[in-house]
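Raw my_file_4.csv, CSV, C-alpha atoms and all ligand atoms:
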chain,number,residue,atom,x,y,z
N,22,MET,CA,107.2,11.0,-18.2
N,23,SER,CA,106.1,10.1,-14.7
N,24,LYS,CA,104.2,7.1,-13.3
N,25,GLN,CA,101.3,7.6,-10.9
N,26,LEU,CA,99.5,5.1,-8.7
N,27,ILE,CA,95.9,5.6,-7.7
N,28,LEU,CA,94.8,3.4,-4.8
N,29,TYR,CA,91.1,3.4,-3.9
N,30,TYR,CA,88.3,1.9,-1.9
N,31,SER,CA,85.0,1.7,-3.7
N,32,GLN,CA,81.9,-0.2,-2.5
N,33,GLY,CA,79.5,0.5,-5.3
N,34,GLY,CA,81.9,1.2,-8.2
N,35,HIS,CA,81.6,5.0,-8.4
N,36,THR,CA,84.9,5.8,-6.8
N,37,ALA,CA,86.5,3.2,-9.2
N,38,HIS,CA,84.8,5.1,-12.1
N,39,ILE,CA,86.3,8.4,-10.8
N,40,CYS,CA,89.7,6.8,-10.6
N,41,ARG,CA,89.4,5.4,-14.1
N,42,THR,CA,88.7,8.9,-15.4
N,43,MET,CA,91.8,10.1,-13.6
N,44,MET,CA,93.9,7.3,-14.9
N,45,GLU,CA,92.8,7.7,-18.5
N,46,HIS,CA,93.4,11.5,-18.3
N,47,ILE,CA,96.9,11.0,-16.9
N,48,ARG,CA,97.6,8.5,-19.7
N,49,ALA,CA,96.2,10.9,-22.3
N,50,LEU,CA,98.6,13.5,-21.1
N,51,GLY,CA,101.5,11.1,-22.0
N,52,HIS,CA,102.2,9.8,-18.5
N,53,ASP,CA,101.8,6.3,-17.0
N,54,CYS,CA,99.3,5.5,-14.4
N,55,ASP,CA,97.9,2.4,-12.6
N,56,MET,CA,94.9,2.1,-10.4
N,57,MET,CA,94.4,-0.6,-7.7
N,58,HIS,CA,91.6,-1.4,-5.3
N,59,LEU,CA,92.9,-1.4,-1.7
N,60,GLN,CA,91.8,-4.9,-1.3
N,61,GLU,CA,94.0,-6.0,-4.2
N,62,ALA,CA,96.8,-3.8,-3.0
N,63,ALA,CA,96.7,-5.3,0.5
N,64,SER,CA,96.7,-8.9,-0.8
N,65,ALA,CA,98.9,-8.7,-3.8
N,66,GLY,CA,101.2,-5.9,-2.5
N,67,VAL,CA,102.3,-2.8,-4.3
N,68,ASN,CA,105.6,-2.3,-6.2
N,69,TRP,CA,106.1,1.1,-4.7
N,70,ASP,CA,109.5,1.7,-6.4
N,71,THR,CA,108.0,1.9,-9.8
N,72,TYR,CA,105.8,5.0,-9.0
N,73,ASP,CA,106.7,8.7,-8.8
N,74,ALA,CA,103.5,9.8,-6.9
N,75,VAL,CA,100.6,8.2,-5.2
N,76,ALA,CA,97.0,9.1,-4.6
N,77,LEU,CA,94.8,7.2,-2.2
N,78,GLY,CA,91.1,7.8,-2.0
N,79,SER,CA,87.8,6.3,-0.7
N,80,CYS,CA,84.1,6.7,-0.7
N,81,VAL,CA,82.5,7.8,2.6
N,82,LEU,CA,80.1,5.2,4.2
N,83,TYR,CA,78.0,6.2,7.2
N,84,GLY,CA,80.2,9.1,8.2
N,85,SER,CA,83.5,7.4,7.9
N,86,TYR,CA,85.7,5.1,5.8
N,87,HIS,CA,85.8,1.3,5.6
N,88,GLN,CA,88.2,-0.1,8.2
N,89,SER,CA,90.4,-1.6,5.4
N,90,VAL,CA,91.3,2.0,4.4
N,91,PHE,CA,92.8,2.8,7.8
N,92,ASP,CA,94.4,-0.7,8.0
N,93,PHE,CA,96.1,-0.2,4.6
N,94,VAL,CA,97.3,3.3,5.6
N,95,GLU,CA,98.7,2.1,8.9
N,96,ALA,CA,100.5,-0.8,7.2
N,97,ASN,CA,101.9,1.4,4.4
N,98,LYS,CA,102.4,4.8,6.0
N,99,SER,CA,106.2,5.0,5.3
N,100,GLN,CA,105.7,4.0,1.7
N,101,LEU,CA,103.0,6.6,1.2
N,102,GLU,CA,105.1,9.3,2.8
N,103,ALA,CA,108.2,8.4,0.8
N,104,LYS,CA,106.9,10.0,-2.4
N,105,PRO,CA,104.5,12.9,-3.3
N,106,ASN,CA,101.2,11.8,-1.9
N,107,SER,CA,97.5,12.8,-1.9
N,108,PHE,CA,94.3,11.7,-0.3
N,109,PHE,CA,90.8,12.1,-1.8
N,110,SER,CA,87.4,11.7,-0.2
N,111,VAL,CA,84.3,10.9,-2.3
N,112,ASN,CA,81.0,11.7,-0.6
N,113,VAL,CA,77.6,13.1,-1.4
N,114,VAL,CA,77.7,15.9,1.2
N,115,ALA,CA,80.1,17.4,-1.4
N,116,ARG,CA,77.2,17.9,-3.8
N,117,ASN,CA,77.2,21.3,-2.2
N,118,PRO,CA,80.2,23.2,-3.6
N,119,GLU,CA,81.0,24.8,-0.3
N,120,LYS,CA,81.5,21.3,1.1
N,121,ARG,CA,84.1,20.6,-1.5
N,122,VAL,CA,86.5,22.9,0.3
N,123,PRO,CA,88.6,20.6,2.4
N,124,ASP,CA,88.3,22.7,5.5
N,125,ASN,CA,84.5,22.6,5.3
N,126,ASN,CA,84.2,18.8,4.6
N,127,LYS,CA,83.8,16.9,7.9
N,128,TYR,CA,84.7,13.6,6.3
N,129,LEU,CA,88.0,14.9,4.9
N,130,GLN,CA,88.7,16.4,8.3
N,131,LYS,CA,87.8,13.1,10.0
N,132,PHE,CA,90.3,11.2,7.8
N,133,ILE,CA,93.1,13.6,8.7
N,134,THR,CA,92.2,13.3,12.4
N,135,LEU,CA,92.0,9.5,12.4
N,136,SER,CA,94.9,8.7,10.0
N,137,SER,CA,98.5,8.6,11.1
N,138,TRP,CA,99.4,9.4,7.5
N,139,GLN,CA,99.1,13.1,7.0
N,140,PRO,CA,98.8,13.5,3.2
N,141,GLN,CA,100.7,16.3,1.5
N,142,ASN,CA,97.7,17.2,-0.5
N,143,VAL,CA,93.9,16.6,-0.2
N,144,LYS,CA,90.9,16.6,-2.4
N,145,VAL,CA,87.1,16.3,-1.9
N,146,ILE,CA,85.1,14.9,-4.8
N,147,ALA,CA,81.3,14.8,-5.0
N,148,GLY,CA,80.0,11.2,-5.4
N,149,LYS,CA,76.8,9.6,-6.7
N,150,VAL,CA,73.4,9.0,-5.3
N,151,ASN,CA,72.2,5.6,-6.6
N,152,TYR,CA,69.1,4.6,-4.7
N,153,PRO,CA,68.0,1.7,-7.0
N,154,ALA,CA,71.5,0.1,-6.6
N,155,TRP,CA,71.5,0.3,-2.8
N,156,LYS,CA,70.2,-2.3,-0.4
N,157,TRP,CA,66.9,-1.3,1.2
N,158,TYR,CA,68.5,-0.5,4.6
N,159,ASP,CA,71.1,1.7,3.0
N,160,ARG,CA,68.5,3.4,0.8
N,161,MET,CA,66.3,4.1,3.8
N,162,MET,CA,69.2,5.5,5.9
N,163,ILE,CA,70.5,7.7,3.2
N,164,GLN,CA,67.0,9.0,2.4
N,165,LEU,CA,66.8,10.0,6.0
N,166,ILE,CA,70.1,11.8,5.9
N,167,MET,CA,69.0,13.5,2.6
N,168,LYS,CA,65.8,14.6,4.2
N,169,MET,CA,67.7,16.3,6.9
N,170,THR,CA,70.1,18.0,4.5
N,171,ASN,CA,67.6,18.9,1.7
N,172,GLY,CA,68.9,16.3,-0.7
N,173,PRO,CA,67.1,14.0,-3.1
N,174,THR,CA,64.8,11.4,-1.4
N,175,ASP,CA,63.0,9.9,-4.4
N,176,PRO,CA,64.0,6.2,-4.3
N,177,SER,CA,64.3,6.1,-8.1
N,178,SER,CA,67.0,8.8,-8.1
N,179,VAL,CA,70.3,8.2,-9.8
N,180,ILE,CA,72.3,11.4,-9.6
N,181,ASP,CA,76.0,11.7,-10.4
N,182,TYR,CA,77.3,14.8,-8.6
N,183,THR,CA,80.9,14.3,-9.8
N,184,ASP,CA,82.5,17.3,-11.6
N,185,TYR,CA,84.6,15.4,-14.1
N,186,ASP,CA,86.5,18.5,-15.3
N,187,ASP,CA,87.5,19.0,-11.6
N,188,VAL,CA,88.5,15.3,-11.4
N,189,LYS,CA,90.7,15.8,-14.5
N,190,ALA,CA,92.2,18.9,-12.9
N,191,TYR,CA,93.0,16.9,-9.8
N,192,ALA,CA,94.7,14.2,-12.0
N,193,GLU,CA,96.8,17.0,-13.5
N,194,SER,CA,97.8,18.2,-10.1
N,195,LEU,CA,99.0,14.7,-9.3
N,196,VAL,CA,101.2,14.7,-12.3
N,197,LYS,CA,102.6,18.1,-11.3
N,198,MET,CA,103.5,16.7,-7.8
N,199,ALA,CA,105.7,14.0,-9.3
N,200,PRO,CA,109.4,15.0,-9.4
G,301,LIG,C1,75.8,2.6,2.7
G,301,LIG,C2,76.2,4.0,2.3
G,301,LIG,C3,76.5,5.0,3.2
G,301,LIG,C4,76.8,6.3,2.8
G,301,LIG,N1,77.1,7.2,3.8
G,301,LIG,C5,77.4,8.5,3.4
G,301,LIG,C6,77.7,9.5,4.3
G,301,LIG,O1,77.6,9.3,5.6
G,301,LIG,N2,77.9,10.8,3.9
G,301,LIG,C7,78.0,11.1,2.6
G,301,LIG,O2,78.3,12.2,2.2
G,301,LIG,N3,77.8,10.1,1.6
G,301,LIG,C8,77.5,8.8,2.0
G,301,LIG,N4,77.3,7.9,1.1
G,301,LIG,C9,77.4,8.2,-0.3
G,301,LIG,C10,78.7,7.6,-1.0
G,301,LIG,O3,79.8,8.2,-0.4
G,301,LIG,C11,78.6,7.9,-2.5
G,301,LIG,O4,77.4,7.3,-3.0
G,301,LIG,C12,79.8,7.4,-3.3
G,301,LIG,O5,79.7,7.9,-4.6
G,301,LIG,C13,79.9,5.9,-3.2
G,301,LIG,O6,81.0,5.5,-3.9
G,301,LIG,P1,81.2,4.0,-4.4
G,301,LIG,O7,80.2,3.7,-5.4
G,301,LIG,O8,82.6,3.9,-4.8
G,301,LIG,O9,81.0,3.1,-3.2
G,301,LIG,C14,76.9,6.6,1.5
G,301,LIG,C15,76.6,5.6,0.5
G,301,LIG,C16,76.3,4.3,0.9
G,301,LIG,C17,76.0,3.3,-0.1

If you took the structure in this file and wrote it as structure tokens, what would it be?
Amino acid sequence: MSKQLILYYSQGGHTAHICRTMMEHIRALGHDCDMMHLQEAASAGVNWDTYDAVALGSCVLYGSYHQSVFDFVEANKSQLEAKPNSFFSVNVVARNPEKRVPDNNKYLQKFITLSSWQPQNVKVIAGKVNYPAWKWYDRMMIQLIMKMTNGPTDPSSVIDYTDYDDVKAYAESLVKMAP
């Protein structure tokens, strides 16, 4: 039995939902798993010694990641590198299966370029469009981006693009990474 840690940044709750799916799947496979928002991890600290592998992921916001993601990575680079580690990016550009290939996803590539931590393993996960839950400015901006990329623009759209079987497969790959 191994113990996994999933660290995440989520603004609207969907990345947290993806992490919960991963955690529950890992537990169902007979392993142990914790998940922690990066805000909590930064303030309460992480008991790194108790984990065999770590995944860290974040949603994409306006073409990048919240500054706290980079701050956490900088402050904890050696701990992340000390065990099997993986980074995952959640974004709606990945609604197109081609953009789920790490080499084809500009946000995944952006993280690798900007981060001093070079994860051993990476994953792109399609996120959720949730116009009714978004503030008017965010809704307007994303409608504009969607218009340019042939995505949904109806302001009442709630579309979950996440492939949960693929998320579970990713969770299994984390378990396999653990020694
Ligand atoms: C303010 C805002 C900006 C976003 N910017 C992008 C973006 O630039 N590219 C993209 O692919 N997705 C973008 N998204 C989509 C989110 O990455 C996606 O909705 C994700 O599922 C949100 O996860 P969360 O609920 O954990 O915050 C944006 C979403 C919001 C709310």

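Residues in contact with ligand LIG 301 (chain G) comprise Tyr30, Ser31, Gln32, Gly33, Gly34, His35, Thr36, Ala37, Cys80, Val81, Leu82, Tyr83, Gly84, Ser85, Val111, Asn112, Val113, Val114, Ala115, Gly148, Lys149, Val150, Asn151, Trp155, Asp159 and Ile163 of chain N, where contact means an atom-to-atom distance of at most 7 Å counting only C-alpha atoms and all ligand atoms.
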
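Remark: for Pro105 of chain N, the closest of the candidate residues N:Ile166, N:Ala147, N:Leu77, N:Ala190 is N:Leu77 (distances computed over all atoms listed in the file).
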
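Of the residues listed (N:Asn117, N:Gln88, N:Ser99, N:Ser79), N:Asn117 shows the shortest atom-to-atom separation from Asn171 of chain N; distances use all atoms listed in the file.
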
Problem - Surrounding residues of Phe132 of chain N excluding itself and chain neighbours under 6 positions, 10 Å, all atoms listed in the file, as a ChimeraX atom specification - result: /N:81,85-86,90-91,108-110,138-140

Handout entry: Computed interatomic separation between atom CA of Val188 of chain N and atom CA of Met43 of chain N (Å)
Key =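 Here the two named atoms are 6.5 Å from each other.
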
Exercise for the section: Tell me, in Å to one decimal, how far atom CA of Ala63 of chain N is from atom CA of Ser89 of chain N. Expected result: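 According to the coordinates, atom CA of Ala63 of chain N and atom CA of Ser89 of chain N are separated by 8.8 Å.
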
Practice task
Enter the distance from atom CA of Ser194 of chain N to atom CA of Met56 of chain N, in Å, rounded to one decimal.
Solution key: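 So the answer is 16.4 Å.
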
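The residue set within 10 Å of Gln100 of chain N, counting only C-alpha atoms and dropping same-chain residues fewer than 4 places from it, reads N:Val67, N:Trp69, N:Asp70, N:Val75, N:Val94, N:Ala96, N:Lys104, N:Asn106.
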
Exercise for the section: Counting all atoms listed in the file, figure out which residue out of N:Ser136, N:Asn68, N:Pro200, N:Met167 gets nearest to Glu95 of chain N. Expected result: N:Ser136

Exercise for the section: Go through N:Glu102, N:Glu61, N:Asp73, N:Glu45 and flag the residue nearest Val196 of chain N, using only C-alpha atoms for the distances. Expected result: N:Asp73

Practice task
For each of N:Met198, N:Leu165, N:Ser23, N:Asp181, take the minimum atom-to-atom distance to Cys54 of chain N, counting only C-alpha atoms, then give the residue where this is smallest.
Solution key: N:Ser23

Shell of 9 Å around Asp55 of chain N, only C-alpha atoms, local chain residues under 4 positions omitted, as an mmCIF file with C-alpha atoms, keeping the file's coordinate frame:
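Written file, out_14.cif:
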data_model
loop_
_atom_site.group_PDB
_atom_site.id
_atom_site.type_symbol
_atom_site.label_atom_id
_atom_site.label_comp_id
_atom_site.auth_asym_id
_atom_site.auth_seq_id
_atom_site.Cartn_x
_atom_site.Cartn_y
_atom_site.Cartn_z
ATOM 1 C CA LYS N 24 104.200 7.100 -13.300
ATOM 2 C CA GLN N 25 101.300 7.600 -10.900
ATOM 3 C CA LEU N 26 99.500 5.100 -8.700
ATOM 4 C CA ILE N 27 95.900 5.600 -7.700
ATOM 5 C CA LEU N 28 94.800 3.400 -4.800
ATOM 6 C CA MET N 44 93.900 7.300 -14.900
#

Exercise for the section: Just the residues within 8 Å of Val122 of chain N, please, counting all atoms listed in the file, with nothing from its chain fewer than 4 positions along; format it as an NGL selection string. Expected result: :N and (118 or 126 or 145)

Within 12 Å of Asp186 of chain N using all atoms listed in the file, minus same-chain residues under 3 positions, as a compact mmCIF listing (two decimals) with C-alpha atoms, keeping the file's coordinate frame:
# COMPACT_ATOMS: atom_id res chain seq x y z
CA ILE N 39 86.30 8.40 -10.80
CA THR N 42 88.70 8.90 -15.40
CA MET N 43 91.80 10.10 -13.60
CA HIS N 46 93.40 11.50 -18.30
CA ILE N 146 85.10 14.90 -4.80
CA TYR N 182 77.30 14.80 -8.60
CA THR N 183 80.90 14.30 -9.80
CA LYS N 189 90.70 15.80 -14.50
CA ALA N 190 92.20 18.90 -12.90
CA TYR N 191 93.00 16.90 -9.80
CA ALA N 192 94.70 14.20 -12.00
CA GLU N 193 96.80 17.00 -13.50

Fill in the blank from the handout: Between N:Lys127, N:Lys120, N:Thr170, N:Phe93, smallest distance to Ser64 of chain N by only C-alpha atoms belongs to N:Phe93
